Amino acid sequence: MRYIKIYFTCLRIAFSQAAAYRADFLLGNIMSLLSNILFPLVTVVIYANGASFPGWSMWQVLLIQSVFAMSTGLSSMVTQGVMWATMDHIREGSFETVLLKPLPPLFYLTAVNFSTGSLGLFIGGLVMTVVSAVKSCTSAAGVPAFMVLFLAGAAVLCGLDLIMAAISFKWVGNSRIPEIFDSISEFGKYPAGIFPKAVKVLTAFIIPVASVGFFPASALLGEVEGYMLIAVIPCLVFLAFGIWIYHIMIKRYEGVGG
Amino acid sequence: MNRLRHRLAVCRAVAFVTYKEWSAYRTHSLVSAFVGPVYFIVQYFIWTAVYGSSSTFGGMELEQTIRYFGVSALIGYLTMDFADWNLQMLVRTGKFLIFALRPVHHRFFALSQKIGHRILGFFFEFLPCFFVFMLLFRIDIVPAYTGWTLLSVALTFLMQFYVNYCIGMTAFYFVQARGIRTVYMLLASVFSGALIPISFFPGALQRVMMFLPFQYTNYITAMVWTGSDSIGELGLSIPQAVLCQAIAAAVTALLSEVLYRASIRRFTAVGA
Amino acid sequence: MEIIKVRDLSKIYTTYKRGSGFSAALKSFFKREKVTVSAVDGVSFTIEEGTVCGILGPNGAGKSTTIKMLCGALFPTGGSIDVMGFSPAKDRTKYVRRIGAVFGQKSQLIFDIPPVDSFAMNKAIYGISDADYKKRLDDMTELFDVGDVIHKPTRVLSLGERMKCEFIMSMLHAPKIVFLDEPTIGLDVIAKNKIREVISRMNRNGTTFILTTHDLEDVEQLADNVIIINHGRKVFDNSLDKLRTTLGSKKMIDLTLAKPFTGSEINGVAVKPGEDRLRISLEVDTEQRSITEFLATLSSTVDFTDISVRSLPMDEIITRIYTAG
């Protein structure tokens with residue numbers, strides 16, 4: 001209860017900061033929105049040239065990518081700040097200041113690093129999702145399954161952020177770590193049918209990035225399959241793993257830095 | 001002659017120091033050896049699926065498109081730089097002062113730095129990816145015409161540098177120069193051809209692209225490398241395409257010189 | 001011989017007023033309010049070859065702008081500068097080859113590699129011959145006692161070690177003039193002394209130094225001449241000895257009394273109260289009366305247990321010049 005209160009206080013501070021620097025806030029949000037919604041251009045170009053992903057209409061593919069953008073927006077707001085803050089603290093050798101706070105370190109970092117800069121991406125993704133959903137004639141029946149799968153997908157992205165943050169304890173100052181995971185999550189932006197079986201299994205159960213875009217979009221399209229719902233379990237395991245490995249790294253840091 | 005030898009000596013010394021400086025981070029460069037192939041695999045499956053519904057696309061066949069994406073990644077490793085970021089940082093922090101006090105043009109210094117940095121990139125980014133593509137993925141990544149390809153890559157190297165240097169110089173004029181850089185990078189990500197070959201865009205847009213810098217930093221080079229004898233809607237031959245690149249690089253170099261003269265006057269007039 | 005000649009030097013900055021917040025930013029987009037600041041205002045001086053000249057002044061007085069113009073990094077708005085026959089800003093590329101500069105706050109060394117690699121880069125940039133390079137590097141590493149240090153990555157060096165390396169880097173091409181901006185800032189006593197020692201040694205070999213600092217010990221130990229700038233104008237320009245006596249030849253007499261003294265003056269000299277009622281100070285102008293005579297009458301006027309006579313401290317002098325200017 002106390003933690004919830006602290007979290008919302010930090011949230012309020014983050015938004016009042018954003019209000020104080022309105023111009024920066026607007027510009028930053030527009031930029032992050034633009035840079036994340038440009039890649040559907042590939043899909044648009046493909047369909048504009050009369051080609052297609054077999055069995056998928058353009059709006060259906062765009063739906064996958066819109067859901068993906070929305071999920072990225074949500075997870076970035078919540079946990080991406082933790083990753084950058086951890087990286088900075090480790091490089092500057094100032095992680096002790098985090099350990100001095102009378103709160104669990106991971107909770108503290110999550111609370112104070114809420115990124116309002118990704119709000120635009122979340123809202124933009126939401127709008128695109130609604131438009132694509134209307135255009136591709138989805139049924140309301142899929143909404144509950146969508147909600148479950150969407151949250152599972154966002155959990156995967158949060159888990160990825162924490163794993164990257166954990167890696168930065170060891171791989172000091174490497175600002176390119178996020179690229180590794182950005183490249184892997186690329187697999188979640190397209191209909192899984194285009195990938196071979198091994199990739200499908202890998203992206204559903206091991207590094208479950210298919211849950212970020214493809215699974216929830218399928219649910220909205222009324223094409224949810226049993227294995228997609230089972231894949232919620234590895235998603236939650238993935239987030240738990242991220243939290244666990246981050247704590248391991250803190251323990252090690254305390255042991256070494258004395 | 002003596003001057004030239006001196007400049008070569010400066011270039012070598014600066015390149016060497018930069019190489020050494022970045023060597024500390026060579027494991028960071030190896031990230032590329034993972035990321036490059038992963039993006040390539042995604043592209044491979046996307047386009048294999050798309051070509052299932054039509055045998056040619058924007059005048060390119062599947063095999064050529066696959067090679068295009070492999071080559072396009074390699075070109076990035078050979079020619080990228082952050083002269084824009086670096087110069088903006090120097091101006092913003094006032095550290096540019098140190099370069100104003102050295103008897104070497106900062107642009108020449110920065111170009112030498114890029115050479116050192118890219119030599120490192122050649123070993124730790126280009127070569128690993130090259131072998132992954134060639135030996136593991138078995139794609140035909142060897143240039144069709146070695147001479148033209150080398151020339152084209154060299155021009156891309158310079159073009160990218162001069163463009164980025166111009167963007168860096170905006171920091172002499174605007175406090176929010178970082179925004180300009182972001183906007184350029186955004187446009188470049190779409191129109192350089194790294195995401196989609198420019199041939200896939202409508203004809204009118206392709207013609208506009210001839211007059212913008214973007215495609216000369218990736219698309220044209222990748223087409224020359226893959227040995228396409230009729231590039232884009234205009235159907236450029238390889239010599240014609242390389243000539244266009246040379247003109248674009250020369251114009252950008254000229255622009256950077258004009259901008260530099262105006263900027264340095266501004267720097268020395270306004271303060272460090 | 002005069003190596004630097006500065007006449008009527010001035011520098012006016014034009015900036016635009018910038019409000020905070022979005023609406024002000026939007027407004028400034030259409031209509032900008034000009035603000036002019038006169039940082040340096042009609043300053044003239046000359047510096048003799050082979051001397052050490054200290055430029056002093058409070059923060060924001062125009063010291064830094066002056067030294068940047070002398071280095072050629074800034075164009076003057078008005079007036080002229082002549083250094084070894086060059087106009088620094090106009091002939092910059094030719095000129096900077098002949099000068100050295102150490103800016104305490106802006107490092108020339110490359111962070112991730114050992115200083116010796118940065119030095120080798122400067123060797124190429126300044127076209128220093130192998131023989132000269134080796135000799136100068138050996139001399140200076142020995143002088144500064146940094147033989148091992150220059151092979152360690154810069155990022156692991158202490159501030160003192162780094163500063164010594166900055167010095168070496170800017171002197172490898174044997175410049176005739178070296179500009180030093182706050183060269184001892186933040187250093188410990190040992191490192192400070194080492195750097196001062198090397199400066200006076202190089203100076204004896206003929207190098208001219210221009211030095212800005214807030215550390216008066218730097219000036220007292222090194223400078224032959226002192227220029228003081230305040231509010232963009234020159235308020236003092238003479239030898240260090242002249243600076244010491246500029247407020248007249250004054251001596252401070254500190255007394256510890258046997259019993260509290262209540263008067264406001266002793267023999268016509270104002271009494272300055274000290275830490276407690278038994279301690280007082282007297283400031284005697286020795287041009288107006290002889291110090292021996294004053295001391296003789298003093299002992300017959302008050303009863304004291306301890307006495308010390310000293311010169312007016314430098315910071316006191318400087319503070320008075322600042323506040324007067």
# chains A, B, ... in the order shown; residues from 1 in each chain; ligands from 1
>>> residues_around(residues="B:Trp85", least_positions_apart="5", cutoff="10 Å", atoms="only C-alpha atoms", output="number ranges by chain")
B: 90, 164-165, 167-169, 171, 177-178, 181
>>> write_last_selection(atoms="C-alpha atoms", output="PDB file, in the first residue's frame")
ATOM      1  CA  LEU B  90      31.972  19.832 -29.034  1.00  0.00           C
ATOM      2  CA  ASN B 164      26.893  14.442 -41.000  1.00  0.00           C
ATOM      3  CA  TYR B 165      29.448  17.206 -40.648  1.00  0.00           C
ATOM      4  CA  ILE B 167      24.366  18.530 -39.560  1.00  0.00           C
ATOM      5  CA  GLY B 168      26.946  18.845 -36.799  1.00  0.00           C
ATOM      6  CA  MET B 169      27.559  22.465 -37.784  1.00  0.00           C
ATOM      7  CA  ALA B 171      24.946  23.444 -33.461  1.00  0.00           C
ATOM      8  CA  ALA B 177      20.370  21.323 -32.915  1.00  0.00           C
ATOM      9  CA  ARG B 178      19.797  17.808 -31.605  1.00  0.00           C
ATOM     10  CA  ARG B 181      19.793  15.616 -36.174  1.00  0.00           C
TER      11      ARG B 181
END
>>> closest_atom_pairs(of="chain B", to="chain C", cutoff="8 Å", atoms="only C-alpha atoms", output="tab-separated table")
residue	atom	partner	partner_atom	distance
B:His6	CA	C:Gly127	CA	6.9
B:Ala9	CA	C:Ala124	CA	5.8
B:Val10	CA	C:Ala124	CA	4.9
B:Ala13	CA	C:Met121	CA	5.1
B:Val14	CA	C:Met121	CA	5.8
B:Val17	CA	C:Asp117	CA	6.4
B:Lys20	CA	C:Ile113	CA	6.9
B:Glu21	CA	C:Asp112	CA	5.5
B:Trp22	CA	C:Asp112	CA	7.9
B:Ala24	CA	C:Asp112	CA	7.4
B:Lys95	CA	C:Lys106	CA	6.4
B:Leu97	CA	C:Ala73	CA	6.7
B:Ile98	CA	C:Gln108	CA	6.7
B:Ala100	CA	C:Ala73	CA	6.1
B:Leu101	CA	C:Val96	CA	5.6
B:Arg102	CA	C:Val96	CA	6.1
B:Pro103	CA	C:Thr93	CA	5.0
B:Val104	CA	C:Ile125	CA	6.7
B:Phe267	CA	C:Leu74	CA	7.4
B:Thr268	CA	C:Leu74	CA	4.0
B:Ala269	CA	C:Phe75	CA	5.2
B:Val270	CA	C:Tyr13	CA	6.2
B:Gly271	CA	C:Leu74	CA	6.2
B:Ala272	CA	C:Leu74	CA	7.7
>>> residues_around(residues="B:Tyr219", least_positions_apart="2", cutoff="9 Å", atoms="only C-alpha atoms", output="JSON, numbers by chain")
{"B": [68, 72, 191, 192, 193, 194, 196, 197, 198, 199, 214, 215, 216, 217, 221, 222, 223, 224]}
>>> interface_residues(of="chain B", to="chain A", cutoff="7 Å", atoms="only C-alpha atoms", output="list in words")
His28, Val31, Val35, Val38, Tyr39, Val42, Phe45, Ile46, Ala49, Val50, Ser53, Ser54, Leu186, Ile196 and Phe200 of chain B
>>> write_last_selection(atoms="N, CA and C atoms", output="PDB file, in the first residue's frame")
ATOM      1  N   HIS B  28      31.828  -3.974 -27.977  1.00  0.00           N
ATOM      2  CA  HIS B  28      30.577  -3.301 -28.305  1.00  0.00           C
ATOM      3  C   HIS B  28      30.282  -3.440 -29.795  1.00  0.00           C
ATOM      4  N   VAL B  31      28.437  -6.416 -31.125  1.00  0.00           N
ATOM      5  CA  VAL B  31      26.978  -6.429 -31.087  1.00  0.00           C
ATOM      6  C   VAL B  31      26.448  -6.471 -32.519  1.00  0.00           C
ATOM      7  N   VAL B  35      23.395  -8.435 -34.266  1.00  0.00           N
ATOM      8  CA  VAL B  35      22.222  -7.687 -34.700  1.00  0.00           C
ATOM      9  C   VAL B  35      22.049  -7.736 -36.227  1.00  0.00           C
ATOM     10  N   VAL B  38      20.566 -10.984 -37.439  1.00  0.00           N
ATOM     11  CA  VAL B  38      19.180 -11.184 -36.990  1.00  0.00           C
ATOM     12  C   VAL B  38      18.214 -10.369 -37.851  1.00  0.00           C
ATOM     13  N   TYR B  39      18.550  -9.087 -38.071  1.00  0.00           N
ATOM     14  CA  TYR B  39      17.694  -8.270 -38.941  1.00  0.00           C
ATOM     15  C   TYR B  39      17.612  -8.884 -40.330  1.00  0.00           C
ATOM     16  N   VAL B  42      15.136 -11.749 -40.475  1.00  0.00           N
ATOM     17  CA  VAL B  42      13.755 -11.257 -40.529  1.00  0.00           C
ATOM     18  C   VAL B  42      13.424 -10.812 -41.954  1.00  0.00           C
ATOM     19  N   PHE B  45      12.819 -13.751 -44.383  1.00  0.00           N
ATOM     20  CA  PHE B  45      11.517 -14.419 -44.326  1.00  0.00           C
ATOM     21  C   PHE B  45      10.404 -13.522 -44.855  1.00  0.00           C
ATOM     22  N   ILE B  46      10.493 -12.195 -44.527  1.00  0.00           N
ATOM     23  CA  ILE B  46       9.476 -11.276 -45.040  1.00  0.00           C
ATOM     24  C   ILE B  46       9.424 -11.359 -46.559  1.00  0.00           C
ATOM     25  N   ALA B  49       8.282 -14.613 -48.225  1.00  0.00           N
ATOM     26  CA  ALA B  49       6.823 -14.743 -48.184  1.00  0.00           C
ATOM     27  C   ALA B  49       6.174 -13.835 -49.216  1.00  0.00           C
ATOM     28  N   VAL B  50       6.659 -12.590 -49.315  1.00  0.00           N
ATOM     29  CA  VAL B  50       6.039 -11.619 -50.217  1.00  0.00           C
ATOM     30  C   VAL B  50       6.208 -12.043 -51.681  1.00  0.00           C
ATOM     31  N   SER B  53       3.840 -14.295 -53.735  1.00  0.00           N
ATOM     32  CA  SER B  53       2.644 -13.846 -54.452  1.00  0.00           C
ATOM     33  C   SER B  53       2.983 -13.115 -55.754  1.00  0.00           C
ATOM     34  N   SER B  54       4.240 -12.760 -55.996  1.00  0.00           N
ATOM     35  CA  SER B  54       4.607 -12.160 -57.285  1.00  0.00           C
ATOM     36  C   SER B  54       6.102 -12.357 -57.508  1.00  0.00           C
ATOM     37  N   LEU B 186      15.697  10.287 -38.931  1.00  0.00           N
ATOM     38  CA  LEU B 186      14.377   9.693 -39.193  1.00  0.00           C
ATOM     39  C   LEU B 186      14.138   9.575 -40.693  1.00  0.00           C
ATOM     40  N   ILE B 196      13.899  -0.178 -47.083  1.00  0.00           N
ATOM     41  CA  ILE B 196      13.256  -0.637 -48.321  1.00  0.00           C
ATOM     42  C   ILE B 196      14.095  -0.116 -49.487  1.00  0.00           C
ATOM     43  N   PHE B 200      11.316   0.290 -54.810  1.00  0.00           N
ATOM     44  CA  PHE B 200       9.958  -0.127 -54.452  1.00  0.00           C
ATOM     45  C   PHE B 200       9.016   1.069 -54.295  1.00  0.00           C
TER      46      PHE B 200
END
>>> residues_around(residues="B:Phe122", least_positions_apart="5", cutoff="10 Å", atoms="only C-alpha atoms", output="list in words")
Ser29, Leu74, Tyr77, Leu78, Thr79, Gly116, His117, Leu127, Pro128, Cys129 and Phe130 of chain B
>>> write_last_selection(atoms="C-alpha atoms", output="compact mmCIF listing (two decimals), in the first residue's frame")
# COMPACT_ATOMS: atom_id res chain seq x y z
CA SER B 29 31.17 -3.46 -32.04
CA LEU B 74 27.61 -4.30 -44.78
CA TYR B 77 29.44 -0.95 -41.24
CA LEU B 78 31.93 0.41 -43.75
CA THR B 79 30.62 3.97 -43.94
CA GLY B 116 40.39 5.08 -37.70
CA HIS B 117 36.94 4.27 -36.39
CA LEU B 127 34.26 -9.05 -41.50
CA PRO B 128 32.19 -11.11 -39.00
CA CYS B 129 28.95 -10.21 -40.81
CA PHE B 130 30.50 -10.79 -44.20
>>> select_by_dssp(residues="stretch 38-86 of chain C", states="strand (DSSP E or B)", output="VMD selection string")
chain C and resid 38 to 48 52 to 56 78 to 83 86
